[in-house]
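Enquirer: Take a look at the following structure, please.
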Amino acid sequence: MISNTVLRHATRCKSTTSKIINTSLRSYVSRAHPTSFKPSFPVESAIEQVLEGVEQRKVSRVEKWERNKEKRAEKGIKDDGPYRNQDETLELSLCLNLDPQRPGQALRGSLPLPHGTGKKVNVLVFCSDDDKETIAAAKDAGATVVGGSSVIQSISSGELAVNFDRSLATPDMMPSLSKVARILGPRGLMPNAKLGTIQPAENLAEAVTAQASGMVQYRTDKFGNIMAGIGKGSFQKEQLLENIRSFMNAIQSVKPESFGKGKKKGKNKSSTKNTKFYLKAYLTSTQHKGSVNIDLRSLDPTSSYFMATPPQV
């Protein structure tokens, strides 16, 4: 006769084997059942994959528009022109080894990209109403609304809709902006010296041009991640590569001397010699399902394979 111990061992082995088989055959992914491995690709290959998906969705949307042409006619809906396809935004996400709650590890700033972001930017400028020359220069540079106390009063009373993308101000206007800080602040429109949105009158026109041409802002969230739009689906691969190169060099330039998540063990607590700064990186677009994992060797400015294709491991 077979002992109870042998039977229990056989049952346990059978259960473990069935779990392994079920795991390998599972076709879905969830938070409780994540994929065990996600391959990484060089940054150039990641861009190609995302752009390929963008083009496929463009074709699919046009085909759907043409397919539903008769249904629109039956409902009395008239087409006012050809189909205006969506130009998706490509977004780069960086998971950094930062703890924003610690001093010096909360990164925030802005930089101009070589080819811009591809987005039309509405700029609001605060300067003295008496400085007619600065107001004219800011408007010529591409500002949507320019003014001082009159603009502040319009925002405070609700006459002016606050639907702008960026705001600039001269230093002398900052005390007056306290009246509308609760309106501008939640929308991310409060001028900030760290973002370069507080400029003297003589540099205001140049700052407006930079913001209107595609100034990208970045900021670490509470988990130490940074997400930024680095271009549009209509951009060429080379343009996106140059934008990413410029963005990564900017992030590397503001890398704190001491960084790291969690408690550090050992005598030298400030040592970051063997600590990784870039943990993960992903590239996606507006309607892309999921994201493409980027090989950090091709994205780290300190790597010898920066913006190149590293050898397979």
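If you're wondering about the labels, chains in the structure tokens are A, B, ... by order shown, residues count from 1 in each chain, ligands from 1 in order shown.
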Using only C-alpha atoms, I'd like a table of the residues in segment 69-176 of chain A that come within 8 Å of segment 283-289 of chain A; for each, show the closest atom pair and its distance in Å rounded to one decimal, ordered by chain and ascending number, as a tab-separated table.
Expert:
residue	atom	partner	partner_atom	distance
A:Glu88	CA	A:Thr286	CA	5.3
A:Thr89	CA	A:Ser285	CA	5.4
A:Leu90	CA	A:Ser285	CA	4.3
A:Glu91	CA	A:Thr284	CA	5.4
A:Leu92	CA	A:Leu283	CA	4.8
A:Ser93	CA	A:Leu283	CA	6.3
Enquirer: Could you pull out the alpha helix (DSSP H) residues of segment 110-253 of chain A from DSSP and send them as a ChimeraX atom specification?
Expert: /A:132-141,149-157,181-184,204-214,237-253
Enquirer: Using N, CA and C atoms, can you export the residues from the last selection as a compact mmCIF listing (two decimals), in the first residue's frame?
Expert:
# COMPACT_ATOMS: atom_id res chain seq x y z
N LYS A 132 4.27 100.09 -23.43
CA LYS A 132 3.69 99.81 -24.75
C LYS A 132 4.66 99.08 -25.66
N GLU A 133 5.94 99.40 -25.53
CA GLU A 133 6.95 98.77 -26.39
C GLU A 133 7.05 97.27 -26.10
N THR A 134 7.06 96.91 -24.81
CA THR A 134 7.14 95.49 -24.44
C THR A 134 5.89 94.75 -24.85
N ILE A 135 4.73 95.38 -24.71
CA ILE A 135 3.46 94.75 -25.11
C ILE A 135 3.44 94.47 -26.60
N ALA A 136 3.90 95.44 -27.40
CA ALA A 136 3.93 95.26 -28.85
C ALA A 136 4.92 94.16 -29.25
N ALA A 137 6.08 94.12 -28.58
CA ALA A 137 7.08 93.10 -28.91
C ALA A 137 6.59 91.71 -28.56
N ALA A 138 5.88 91.58 -27.43
CA ALA A 138 5.36 90.27 -27.02
C ALA A 138 4.28 89.79 -27.98
N LYS A 139 3.43 90.68 -28.44
CA LYS A 139 2.38 90.30 -29.41
C LYS A 139 2.99 89.90 -30.74
N ASP A 140 4.01 90.62 -31.16
CA ASP A 140 4.68 90.27 -32.42
C ASP A 140 5.39 88.92 -32.32
N ALA A 141 5.82 88.56 -31.10
CA ALA A 141 6.53 87.29 -30.90
C ALA A 141 5.58 86.10 -30.86
N SER A 149 -2.47 95.03 -15.10
CA SER A 149 -3.57 95.04 -14.15
C SER A 149 -4.92 94.83 -14.82
N SER A 150 -5.05 95.29 -16.06
CA SER A 150 -6.32 95.11 -16.78
C SER A 150 -6.59 93.64 -17.06
N VAL A 151 -5.55 92.89 -17.42
CA VAL A 151 -5.70 91.45 -17.69
C VAL A 151 -5.97 90.71 -16.38
N ILE A 152 -5.28 91.10 -15.32
CA ILE A 152 -5.49 90.47 -14.01
C ILE A 152 -6.93 90.67 -13.55
N GLN A 153 -7.45 91.88 -13.75
CA GLN A 153 -8.83 92.16 -13.36
C GLN A 153 -9.82 91.35 -14.19
N SER A 154 -9.54 91.18 -15.48
CA SER A 154 -10.42 90.39 -16.36
C SER A 154 -10.44 88.92 -15.93
N ILE A 155 -9.27 88.39 -15.52
CA ILE A 155 -9.21 87.00 -15.06
C ILE A 155 -9.95 86.85 -13.73
N SER A 156 -9.75 87.82 -12.83
CA SER A 156 -10.39 87.76 -11.51
C SER A 156 -11.91 87.82 -11.61
N SER A 157 -12.42 88.63 -12.53
CA SER A 157 -13.88 88.78 -12.68
C SER A 157 -14.51 87.69 -13.52
N ALA A 181 -3.68 84.03 -8.06
CA ALA A 181 -2.83 82.84 -7.89
C ALA A 181 -3.67 81.58 -7.75
N ARG A 182 -4.84 81.68 -7.11
CA ARG A 182 -5.69 80.50 -6.94
C ARG A 182 -6.34 80.07 -8.26
N ILE A 183 -6.35 80.96 -9.22
CA ILE A 183 -6.89 80.61 -10.54
C ILE A 183 -5.80 80.05 -11.44
N LEU A 184 -4.64 80.69 -11.42
CA LEU A 184 -3.54 80.27 -12.29
C LEU A 184 -2.82 79.03 -11.76
N LEU A 204 11.58 89.43 -22.73
CA LEU A 204 10.24 88.86 -22.77
C LEU A 204 9.86 88.35 -24.16
N ALA A 205 10.18 89.11 -25.19
CA ALA A 205 9.84 88.70 -26.56
C ALA A 205 10.54 87.41 -26.94
N GLU A 206 11.81 87.29 -26.56
CA GLU A 206 12.56 86.06 -26.85
C GLU A 206 11.96 84.87 -26.11
N ALA A 207 11.53 85.09 -24.87
CA ALA A 207 10.92 84.02 -24.08
C ALA A 207 9.58 83.59 -24.68
N VAL A 208 8.82 84.54 -25.18
CA VAL A 208 7.54 84.21 -25.83
C VAL A 208 7.78 83.36 -27.06
N THR A 209 8.78 83.71 -27.85
CA THR A 209 9.11 82.94 -29.06
C THR A 209 9.49 81.51 -28.70
N ALA A 210 10.29 81.35 -27.63
CA ALA A 210 10.70 80.01 -27.20
C ALA A 210 9.50 79.19 -26.73
N GLN A 211 8.60 79.81 -25.96
CA GLN A 211 7.44 79.09 -25.46
C GLN A 211 6.48 78.73 -26.60
N ALA A 212 6.28 79.64 -27.52
CA ALA A 212 5.35 79.39 -28.63
C ALA A 212 5.88 78.35 -29.61
N SER A 213 7.20 78.25 -29.72
CA SER A 213 7.79 77.30 -30.68
C SER A 213 7.83 75.87 -30.14
N GLY A 214 7.59 75.67 -28.87
CA GLY A 214 7.55 74.31 -28.35
C GLY A 214 8.48 74.08 -27.18
N LYS A 237 11.45 60.30 -37.99
CA LYS A 237 12.19 59.58 -36.96
C LYS A 237 13.41 60.37 -36.51
N GLU A 238 14.10 61.01 -37.44
CA GLU A 238 15.30 61.77 -37.10
C GLU A 238 14.96 62.96 -36.20
N GLN A 239 13.81 63.60 -36.44
CA GLN A 239 13.40 64.72 -35.61
C GLN A 239 13.12 64.28 -34.17
N LEU A 240 12.46 63.14 -34.04
CA LEU A 240 12.17 62.62 -32.70
C LEU A 240 13.45 62.21 -31.98
N LEU A 241 14.39 61.63 -32.71
CA LEU A 241 15.67 61.25 -32.11
C LEU A 241 16.41 62.48 -31.58
N GLU A 242 16.41 63.57 -32.35
CA GLU A 242 17.09 64.78 -31.91
C GLU A 242 16.38 65.41 -30.71
N ASN A 243 15.06 65.34 -30.69
CA ASN A 243 14.32 65.86 -29.53
C ASN A 243 14.63 65.05 -28.27
N ILE A 244 14.66 63.72 -28.41
CA ILE A 244 14.97 62.87 -27.26
C ILE A 244 16.40 63.09 -26.79
N ARG A 245 17.31 63.24 -27.72
CA ARG A 245 18.72 63.49 -27.35
C ARG A 245 18.82 64.77 -26.52
N SER A 246 18.17 65.83 -26.98
CA SER A 246 18.21 67.09 -26.26
C SER A 246 17.56 66.97 -24.89
N PHE A 247 16.44 66.24 -24.81
CA PHE A 247 15.73 66.08 -23.54
C PHE A 247 16.56 65.29 -22.54
N MET A 248 17.17 64.20 -22.99
CA MET A 248 17.96 63.37 -22.08
C MET A 248 19.21 64.10 -21.59
N ASN A 249 19.82 64.90 -22.45
CA ASN A 249 20.97 65.68 -22.01
C ASN A 249 20.57 66.70 -20.95
N ALA A 250 19.36 67.25 -21.09
CA ALA A 250 18.88 68.21 -20.11
C ALA A 250 18.61 67.53 -18.77
N ILE A 251 18.03 66.33 -18.79
CA ILE A 251 17.78 65.60 -17.54
C ILE A 251 19.10 65.22 -16.87
N GLN A 252 20.08 64.82 -17.68
CA GLN A 252 21.39 64.44 -17.14
C GLN A 252 22.08 65.64 -16.49
N SER A 253 21.87 66.83 -17.05
CA SER A 253 22.53 68.03 -16.53
C SER A 253 21.99 68.46 -15.17
Enquirer: Report as an mmCIF file with all heavy atoms, in the first residue's frame: the residues of segment 133-259 of chain A with a DSSP assignment of strand (DSSP E), based on the backbone of this structure.
Expert:
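Here's the written file selection_26.cif:
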data_model
loop_
_atom_site.group_PDB
_atom_site.id
_atom_site.type_symbol
_atom_site.label_atom_id
_atom_site.label_comp_id
_atom_site.auth_asym_id
_atom_site.auth_seq_id
_atom_site.Cartn_x
_atom_site.Cartn_y
_atom_site.Cartn_z
ATOM 1 N N VAL A 145 -2.428 86.900 -25.397
ATOM 2 C CA VAL A 145 -2.933 88.019 -24.605
ATOM 3 C C VAL A 145 -1.775 88.622 -23.837
ATOM 4 O O VAL A 145 -0.984 87.897 -23.214
ATOM 5 C CB VAL A 145 -4.045 87.570 -23.623
ATOM 6 C CG1 VAL A 145 -4.477 88.731 -22.737
ATOM 7 C CG2 VAL A 145 -5.237 87.013 -24.380
ATOM 8 N N VAL A 146 -1.673 89.960 -23.866
ATOM 9 C CA VAL A 146 -0.599 90.669 -23.163
ATOM 10 C C VAL A 146 -1.213 91.827 -22.390
ATOM 11 O O VAL A 146 -2.074 92.548 -22.904
ATOM 12 C CB VAL A 146 0.473 91.208 -24.130
ATOM 13 C CG1 VAL A 146 1.641 91.818 -23.358
ATOM 14 C CG2 VAL A 146 0.965 90.118 -25.058
ATOM 15 N N GLY A 147 -0.788 92.008 -21.149
ATOM 16 C CA GLY A 147 -1.290 93.126 -20.359
ATOM 17 C C GLY A 147 -0.886 93.009 -18.910
ATOM 18 O O GLY A 147 -0.219 92.054 -18.499
ATOM 19 N N ARG A 166 0.666 78.404 -21.598
ATOM 20 C CA ARG A 166 1.835 78.930 -20.889
ATOM 21 C C ARG A 166 1.546 80.363 -20.454
ATOM 22 O O ARG A 166 0.728 81.060 -21.051
ATOM 23 C CB ARG A 166 3.088 78.921 -21.786
ATOM 24 C CG ARG A 166 3.524 77.556 -22.257
ATOM 25 C CD ARG A 166 4.232 76.781 -21.169
ATOM 26 N NE ARG A 166 4.843 75.577 -21.691
ATOM 27 C CZ ARG A 166 4.218 74.414 -21.835
ATOM 28 N NH1 ARG A 166 2.937 74.327 -21.488
ATOM 29 N NH2 ARG A 166 4.842 73.354 -22.303
ATOM 30 N N SER A 167 2.254 80.794 -19.417
ATOM 31 C CA SER A 167 2.148 82.189 -18.985
ATOM 32 C C SER A 167 3.529 82.697 -18.618
ATOM 33 O O SER A 167 4.345 81.967 -18.041
ATOM 34 C CB SER A 167 1.195 82.334 -17.797
ATOM 35 O OG SER A 167 1.722 81.709 -16.653
ATOM 36 N N LEU A 168 3.788 83.949 -18.966
ATOM 37 C CA LEU A 168 5.045 84.614 -18.661
ATOM 38 C C LEU A 168 4.748 85.910 -17.911
ATOM 39 O O LEU A 168 3.641 86.452 -18.020
ATOM 40 C CB LEU A 168 5.821 84.926 -19.944
ATOM 41 C CG LEU A 168 6.242 83.736 -20.829
ATOM 42 C CD1 LEU A 168 6.780 84.229 -22.162
ATOM 43 C CD2 LEU A 168 7.299 82.912 -20.115
ATOM 44 N N ALA A 169 5.736 86.382 -17.178
ATOM 45 C CA ALA A 169 5.554 87.623 -16.428
ATOM 46 C C ALA A 169 6.897 88.286 -16.200
ATOM 47 O O ALA A 169 7.942 87.624 -16.138
ATOM 48 C CB ALA A 169 4.857 87.352 -15.092
ATOM 49 N N MET A 215 8.230 74.753 -26.093
ATOM 50 C CA MET A 215 9.010 74.580 -24.878
ATOM 51 C C MET A 215 8.379 73.443 -24.080
ATOM 52 O O MET A 215 7.186 73.477 -23.775
ATOM 53 C CB MET A 215 8.983 75.867 -24.063
ATOM 54 C CG MET A 215 10.109 75.990 -23.071
ATOM 55 S SD MET A 215 11.536 76.779 -23.828
ATOM 56 C CE MET A 215 12.491 77.197 -22.363
ATOM 57 N N VAL A 216 9.143 72.431 -23.745
ATOM 58 C CA VAL A 216 8.602 71.301 -22.992
ATOM 59 C C VAL A 216 8.968 71.464 -21.521
ATOM 60 O O VAL A 216 10.095 71.804 -21.186
ATOM 61 C CB VAL A 216 9.129 69.955 -23.539
ATOM 62 C CG1 VAL A 216 10.633 69.849 -23.433
ATOM 63 C CG2 VAL A 216 8.475 68.792 -22.811
ATOM 64 N N GLN A 217 7.978 71.263 -20.658
ATOM 65 C CA GLN A 217 8.193 71.347 -19.223
ATOM 66 C C GLN A 217 8.204 69.947 -18.630
ATOM 67 O O GLN A 217 7.466 69.077 -19.071
ATOM 68 C CB GLN A 217 7.101 72.197 -18.558
ATOM 69 C CG GLN A 217 7.102 73.646 -19.004
ATOM 70 C CD GLN A 217 6.061 74.474 -18.271
ATOM 71 O OE1 GLN A 217 5.260 73.956 -17.496
ATOM 72 N NE2 GLN A 217 6.062 75.776 -18.517
ATOM 73 N N TYR A 218 9.018 69.740 -17.612
ATOM 74 C CA TYR A 218 9.097 68.439 -16.953
ATOM 75 C C TYR A 218 9.082 68.636 -15.444
ATOM 76 O O TYR A 218 9.499 69.683 -14.929
ATOM 77 C CB TYR A 218 10.357 67.675 -17.380
ATOM 78 C CG TYR A 218 11.656 68.355 -17.022
ATOM 79 C CD1 TYR A 218 12.252 68.159 -15.771
ATOM 80 C CD2 TYR A 218 12.292 69.199 -17.925
ATOM 81 C CE1 TYR A 218 13.442 68.786 -15.436
ATOM 82 C CE2 TYR A 218 13.477 69.831 -17.596
ATOM 83 C CZ TYR A 218 14.045 69.613 -16.356
ATOM 84 O OH TYR A 218 15.208 70.235 -16.028
ATOM 85 N N ARG A 219 8.607 67.620 -14.752
ATOM 86 C CA ARG A 219 8.531 67.673 -13.294
ATOM 87 C C ARG A 219 8.386 66.250 -12.764
ATOM 88 O O ARG A 219 7.585 65.472 -13.285
ATOM 89 C CB ARG A 219 7.343 68.524 -12.859
ATOM 90 C CG ARG A 219 7.224 68.703 -11.353
ATOM 91 C CD ARG A 219 6.056 69.609 -11.018
ATOM 92 N NE ARG A 219 5.971 69.887 -9.595
ATOM 93 C CZ ARG A 219 5.072 70.696 -9.040
ATOM 94 N NH1 ARG A 219 4.186 71.311 -9.830
ATOM 95 N NH2 ARG A 219 5.067 70.898 -7.741
ATOM 96 N N ASN A 225 8.961 59.809 -11.189
ATOM 97 C CA ASN A 225 8.836 59.610 -12.630
ATOM 98 C C ASN A 225 8.711 60.949 -13.341
ATOM 99 O O ASN A 225 8.166 61.909 -12.792
ATOM 100 C CB ASN A 225 7.616 58.751 -12.950
ATOM 101 C CG ASN A 225 7.657 57.407 -12.262
ATOM 102 O OD1 ASN A 225 8.717 56.788 -12.160
ATOM 103 N ND2 ASN A 225 6.526 56.932 -11.785
ATOM 104 N N ILE A 226 9.191 60.987 -14.575
ATOM 105 C CA ILE A 226 9.069 62.173 -15.422
ATOM 106 C C ILE A 226 8.436 61.746 -16.743
ATOM 107 O O ILE A 226 8.873 60.775 -17.367
ATOM 108 C CB ILE A 226 10.437 62.829 -15.680
ATOM 109 C CG1 ILE A 226 10.943 63.520 -14.412
ATOM 110 C CG2 ILE A 226 10.355 63.837 -16.816
ATOM 111 C CD1 ILE A 226 12.281 64.200 -14.576
ATOM 112 N N MET A 227 7.403 62.465 -17.163
ATOM 113 C CA MET A 227 6.731 62.202 -18.434
ATOM 114 C C MET A 227 6.680 63.490 -19.246
ATOM 115 O O MET A 227 6.336 64.541 -18.699
ATOM 116 C CB MET A 227 5.313 61.665 -18.194
ATOM 117 C CG MET A 227 5.300 60.245 -17.643
ATOM 118 S SD MET A 227 3.803 59.836 -16.740
ATOM 119 C CE MET A 227 4.073 60.676 -15.193
ATOM 120 N N ALA A 228 7.036 63.398 -20.506
ATOM 121 C CA ALA A 228 7.081 64.593 -21.345
ATOM 122 C C ALA A 228 6.753 64.227 -22.783
ATOM 123 O O ALA A 228 7.184 63.179 -23.284
ATOM 124 C CB ALA A 228 8.456 65.254 -21.268
ATOM 125 N N GLY A 229 6.005 65.100 -23.446
ATOM 126 C CA GLY A 229 5.732 64.937 -24.870
ATOM 127 C C GLY A 229 6.930 65.393 -25.678
ATOM 128 O O GLY A 229 7.396 66.527 -25.511
ATOM 129 N N ILE A 230 7.435 64.523 -26.529
ATOM 130 C CA ILE A 230 8.671 64.850 -27.260
ATOM 131 C C ILE A 230 8.429 65.009 -28.765
ATOM 132 O O ILE A 230 9.385 65.066 -29.527
ATOM 133 C CB ILE A 230 9.755 63.777 -27.001
ATOM 134 C CG1 ILE A 230 9.225 62.339 -27.142
ATOM 135 C CG2 ILE A 230 10.329 63.935 -25.609
ATOM 136 C CD1 ILE A 230 9.282 61.799 -28.506
ATOM 137 N N GLY A 231 7.165 65.085 -29.174
ATOM 138 C CA GLY A 231 6.882 65.288 -30.586
ATOM 139 C C GLY A 231 5.538 64.721 -30.984
ATOM 140 O O GLY A 231 4.778 64.228 -30.153
ATOM 141 N N LYS A 232 5.254 64.801 -32.275
ATOM 142 C CA LYS A 232 3.994 64.323 -32.833
ATOM 143 C C LYS A 232 4.230 63.136 -33.758
ATOM 144 O O LYS A 232 5.350 62.881 -34.212
ATOM 145 C CB LYS A 232 3.299 65.450 -33.607
ATOM 146 C CG LYS A 232 2.789 66.587 -32.735
ATOM 147 C CD LYS A 232 1.560 66.164 -31.950
ATOM 148 C CE LYS A 232 0.938 67.321 -31.196
ATOM 149 N NZ LYS A 232 -0.293 66.933 -30.479
#
Enquirer: For Ala281 of chain A, which residue out of A:Leu296, A:Gly196, A:Lys78, A:Glu52 is the nearest one, using only C-alpha atoms?
Expert: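 The shortest atom-to-atom distance to Ala281 of chain A comes from A:Leu296.
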Enquirer: Can you work out which one of A:Gln49, A:Tyr305, A:Lys255, A:Ser298 has the shortest atom-to-atom distance to Leu96 of chain A, counting only C-alpha atoms?
Expert: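 Among the listed residues, A:Lys255 lies closest to Leu96 of chain A.
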Enquirer: I'd like the contact shell of segment 59-74 of chain A - 10 Å cut-off, only C-alpha atoms, skipping same-chain residues fewer than 6 positions apart - returned as a PDB file with all heavy atoms, in the first residue's frame.
Expert:
ATOM      1  N   PRO A  82     -12.774  67.166 -46.035  1.00  0.00           N
ATOM      2  CA  PRO A  82     -12.132  65.857 -45.866  1.00  0.00           C
ATOM      3  C   PRO A  82     -11.896  65.541 -44.392  1.00  0.00           C
ATOM      4  O   PRO A  82     -11.907  66.434 -43.537  1.00  0.00           O
ATOM      5  CB  PRO A  82     -10.803  66.022 -46.621  1.00  0.00           C
ATOM      6  CG  PRO A  82     -10.541  67.493 -46.628  1.00  0.00           C
ATOM      7  CD  PRO A  82     -11.884  68.143 -46.684  1.00  0.00           C
ATOM      8  N   TYR A  83     -11.684  64.279 -44.105  1.00  0.00           N
ATOM      9  CA  TYR A  83     -11.490  63.834 -42.728  1.00  0.00           C
ATOM     10  C   TYR A  83     -10.189  64.407 -42.164  1.00  0.00           C
ATOM     11  O   TYR A  83      -9.133  64.313 -42.787  1.00  0.00           O
ATOM     12  CB  TYR A  83     -11.445  62.305 -42.674  1.00  0.00           C
ATOM     13  CG  TYR A  83     -11.214  61.760 -41.286  1.00  0.00           C
ATOM     14  CD1 TYR A  83     -12.199  61.859 -40.319  1.00  0.00           C
ATOM     15  CD2 TYR A  83     -10.005  61.155 -40.939  1.00  0.00           C
ATOM     16  CE1 TYR A  83     -11.994  61.367 -39.036  1.00  0.00           C
ATOM     17  CE2 TYR A  83      -9.799  60.653 -39.663  1.00  0.00           C
ATOM     18  CZ  TYR A  83     -10.796  60.761 -38.721  1.00  0.00           C
ATOM     19  OH  TYR A  83     -10.600  60.277 -37.454  1.00  0.00           O
ATOM     20  N   ARG A  84     -10.283  65.052 -41.004  1.00  0.00           N
ATOM     21  CA  ARG A  84      -9.111  65.632 -40.334  1.00  0.00           C
ATOM     22  C   ARG A  84      -8.598  64.625 -39.313  1.00  0.00           C
ATOM     23  O   ARG A  84      -9.176  64.477 -38.224  1.00  0.00           O
ATOM     24  CB  ARG A  84      -9.484  66.963 -39.671  1.00  0.00           C
ATOM     25  CG  ARG A  84      -9.901  68.039 -40.667  1.00  0.00           C
ATOM     26  CD  ARG A  84     -10.201  69.349 -39.967  1.00  0.00           C
ATOM     27  NE  ARG A  84     -11.398  69.247 -39.149  1.00  0.00           N
ATOM     28  CZ  ARG A  84     -12.630  69.434 -39.592  1.00  0.00           C
ATOM     29  NH1 ARG A  84     -12.821  69.715 -40.878  1.00  0.00           N
ATOM     30  NH2 ARG A  84     -13.666  69.338 -38.782  1.00  0.00           N
ATOM     31  N   ASN A  85      -7.544  63.955 -39.679  1.00  0.00           N
ATOM     32  CA  ASN A  85      -7.026  62.871 -38.841  1.00  0.00           C
ATOM     33  C   ASN A  85      -6.314  63.425 -37.612  1.00  0.00           C
ATOM     34  O   ASN A  85      -5.862  64.573 -37.590  1.00  0.00           O
ATOM     35  CB  ASN A  85      -6.066  61.987 -39.635  1.00  0.00           C
ATOM     36  CG  ASN A  85      -6.196  60.528 -39.265  1.00  0.00           C
ATOM     37  OD1 ASN A  85      -6.371  60.191 -38.100  1.00  0.00           O
ATOM     38  ND2 ASN A  85      -6.123  59.650 -40.252  1.00  0.00           N
ATOM     39  N   GLN A  86      -6.231  62.610 -36.596  1.00  0.00           N
ATOM     40  CA  GLN A  86      -5.585  62.993 -35.345  1.00  0.00           C
ATOM     41  C   GLN A  86      -4.072  62.837 -35.452  1.00  0.00           C
ATOM     42  O   GLN A  86      -3.581  61.844 -35.977  1.00  0.00           O
ATOM     43  CB  GLN A  86      -6.113  62.129 -34.199  1.00  0.00           C
ATOM     44  CG  GLN A  86      -5.479  62.433 -32.854  1.00  0.00           C
ATOM     45  CD  GLN A  86      -5.979  61.517 -31.756  1.00  0.00           C
ATOM     46  OE1 GLN A  86      -6.811  60.649 -32.008  1.00  0.00           O
ATOM     47  NE2 GLN A  86      -5.476  61.680 -30.550  1.00  0.00           N
TER      48      GLN A  86
END
Enquirer: Rounded to one decimal, what separation in Å do you get between atom CA of Leu189 of chain A and atom CA of Phe126 of chain A?
Expert: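 Rounded to one decimal, the two atoms are 11.4 Å apart.
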Enquirer: Between A:Leu94, A:Phe164, A:Pro103, A:Lys280, which has the minimum distance to Lys120 of chain A (counting only C-alpha atoms)?
Expert: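 Among the listed residues, A:Phe164 lies closest to Lys120 of chain A.
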Enquirer: Select, from A:Pro175, A:Gly260, A:Gly116, A:Gly81, the residue with the minimum atom-to-atom distance to Pro191 of chain A, counting only C-alpha atoms.
Expert: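 Checking each of A:Pro175, A:Gly260, A:Gly116, A:Gly81 against Pro191 of chain A, counting only C-alpha atoms, the winner is A:Pro175.
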Enquirer: What is the distance, in Å and to one decimal place, between atom CA of Cys95 of chain A and atom CA of Lys38 of chain A?
Expert: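 According to the coordinates, atom CA of Cys95 of chain A and atom CA of Lys38 of chain A are separated by 15.5 Å.
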Enquirer: Take atom CA of Phe41 of chain A and atom CA of Ser234 of chain A and report the distance between them in Å, one decimal.
Expert: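 If I compute the distance from atom CA of Phe41 of chain A to atom CA of Ser234 of chain A, I get 21.6 Å.
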Enquirer: Identify, on the basis of only C-alpha atoms, every residue whose closest approach to Pro310 of chain A does not exceed 12 Å; exclude the query and any residue fewer than 3 positions from it along the same chain; express the result as a list in words.
Expert: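 Surrounding residues, per the criterion: Ser40, Phe41, Pro42, Val43, Glu44, Ser45, Ile294, Asp295, Leu296, Arg297, Ser298, Leu299, Asp300, Ser303, Ser304, Tyr305, Phe306, Met307 and Val313 of chain A.
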Enquirer: Neighbours of Asp99 of chain A within 7 Å (only C-alpha atoms; same-chain residues fewer than 3 positions away dropped), as a PyMOL selection string?
Expert: chain A and resi 102+105+223-224+260-261
Enquirer: Would you mind exporting all heavy atoms of the selected residues as a short mmCIF file (atom, residue, chain, number, x, y, z; two decimals), in the first residue's frame?
Expert:
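Just written: result15.cif:
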data_model
loop_
_atom_site.label_atom_id
_atom_site.label_comp_id
_atom_site.auth_asym_id
_atom_site.auth_seq_id
_atom_site.Cartn_x
_atom_site.Cartn_y
_atom_site.Cartn_z
N ARG A 102 12.85 64.09 -0.58
CA ARG A 102 14.16 64.41 -0.02
C ARG A 102 14.71 65.68 -0.67
O ARG A 102 14.41 65.98 -1.83
CB ARG A 102 15.13 63.25 -0.25
CG ARG A 102 14.74 61.99 0.53
CD ARG A 102 15.78 60.91 0.35
NE ARG A 102 15.48 59.74 1.17
CZ ARG A 102 16.22 58.67 1.23
NH1 ARG A 102 17.33 58.59 0.51
NH2 ARG A 102 15.87 57.65 1.99
N GLN A 105 16.01 66.36 -4.68
CA GLN A 105 15.65 65.26 -5.59
C GLN A 105 14.35 65.52 -6.34
O GLN A 105 13.90 64.64 -7.08
CB GLN A 105 15.56 63.95 -4.81
CG GLN A 105 16.88 63.49 -4.24
CD GLN A 105 16.86 62.04 -3.79
OE1 GLN A 105 16.24 61.19 -4.42
NE2 GLN A 105 17.55 61.73 -2.70
N PHE A 223 6.46 59.67 -7.26
CA PHE A 223 7.17 58.40 -7.35
C PHE A 223 8.53 58.55 -8.03
O PHE A 223 9.24 57.56 -8.24
CB PHE A 223 6.34 57.37 -8.11
CG PHE A 223 4.99 57.11 -7.49
CD1 PHE A 223 3.83 57.56 -8.09
CD2 PHE A 223 4.89 56.41 -6.30
CE1 PHE A 223 2.59 57.33 -7.53
CE2 PHE A 223 3.65 56.17 -5.72
CZ PHE A 223 2.50 56.64 -6.34
N GLY A 224 8.90 59.77 -8.43
CA GLY A 224 10.19 59.99 -9.08
C GLY A 224 10.16 59.76 -10.57
O GLY A 224 11.21 59.55 -11.19
N GLY A 260 18.48 58.50 -4.66
CA GLY A 260 18.18 57.12 -4.31
C GLY A 260 16.92 57.01 -3.50
O GLY A 260 16.59 57.89 -2.70
N LYS A 261 16.16 55.94 -3.74
CA LYS A 261 14.92 55.69 -3.00
C LYS A 261 15.18 54.78 -1.82
O LYS A 261 16.08 53.94 -1.86
CB LYS A 261 13.88 55.06 -3.91
CG LYS A 261 13.49 55.92 -5.10
CD LYS A 261 12.47 55.22 -5.97
CE LYS A 261 12.08 56.09 -7.15
NZ LYS A 261 11.09 55.45 -8.03
#
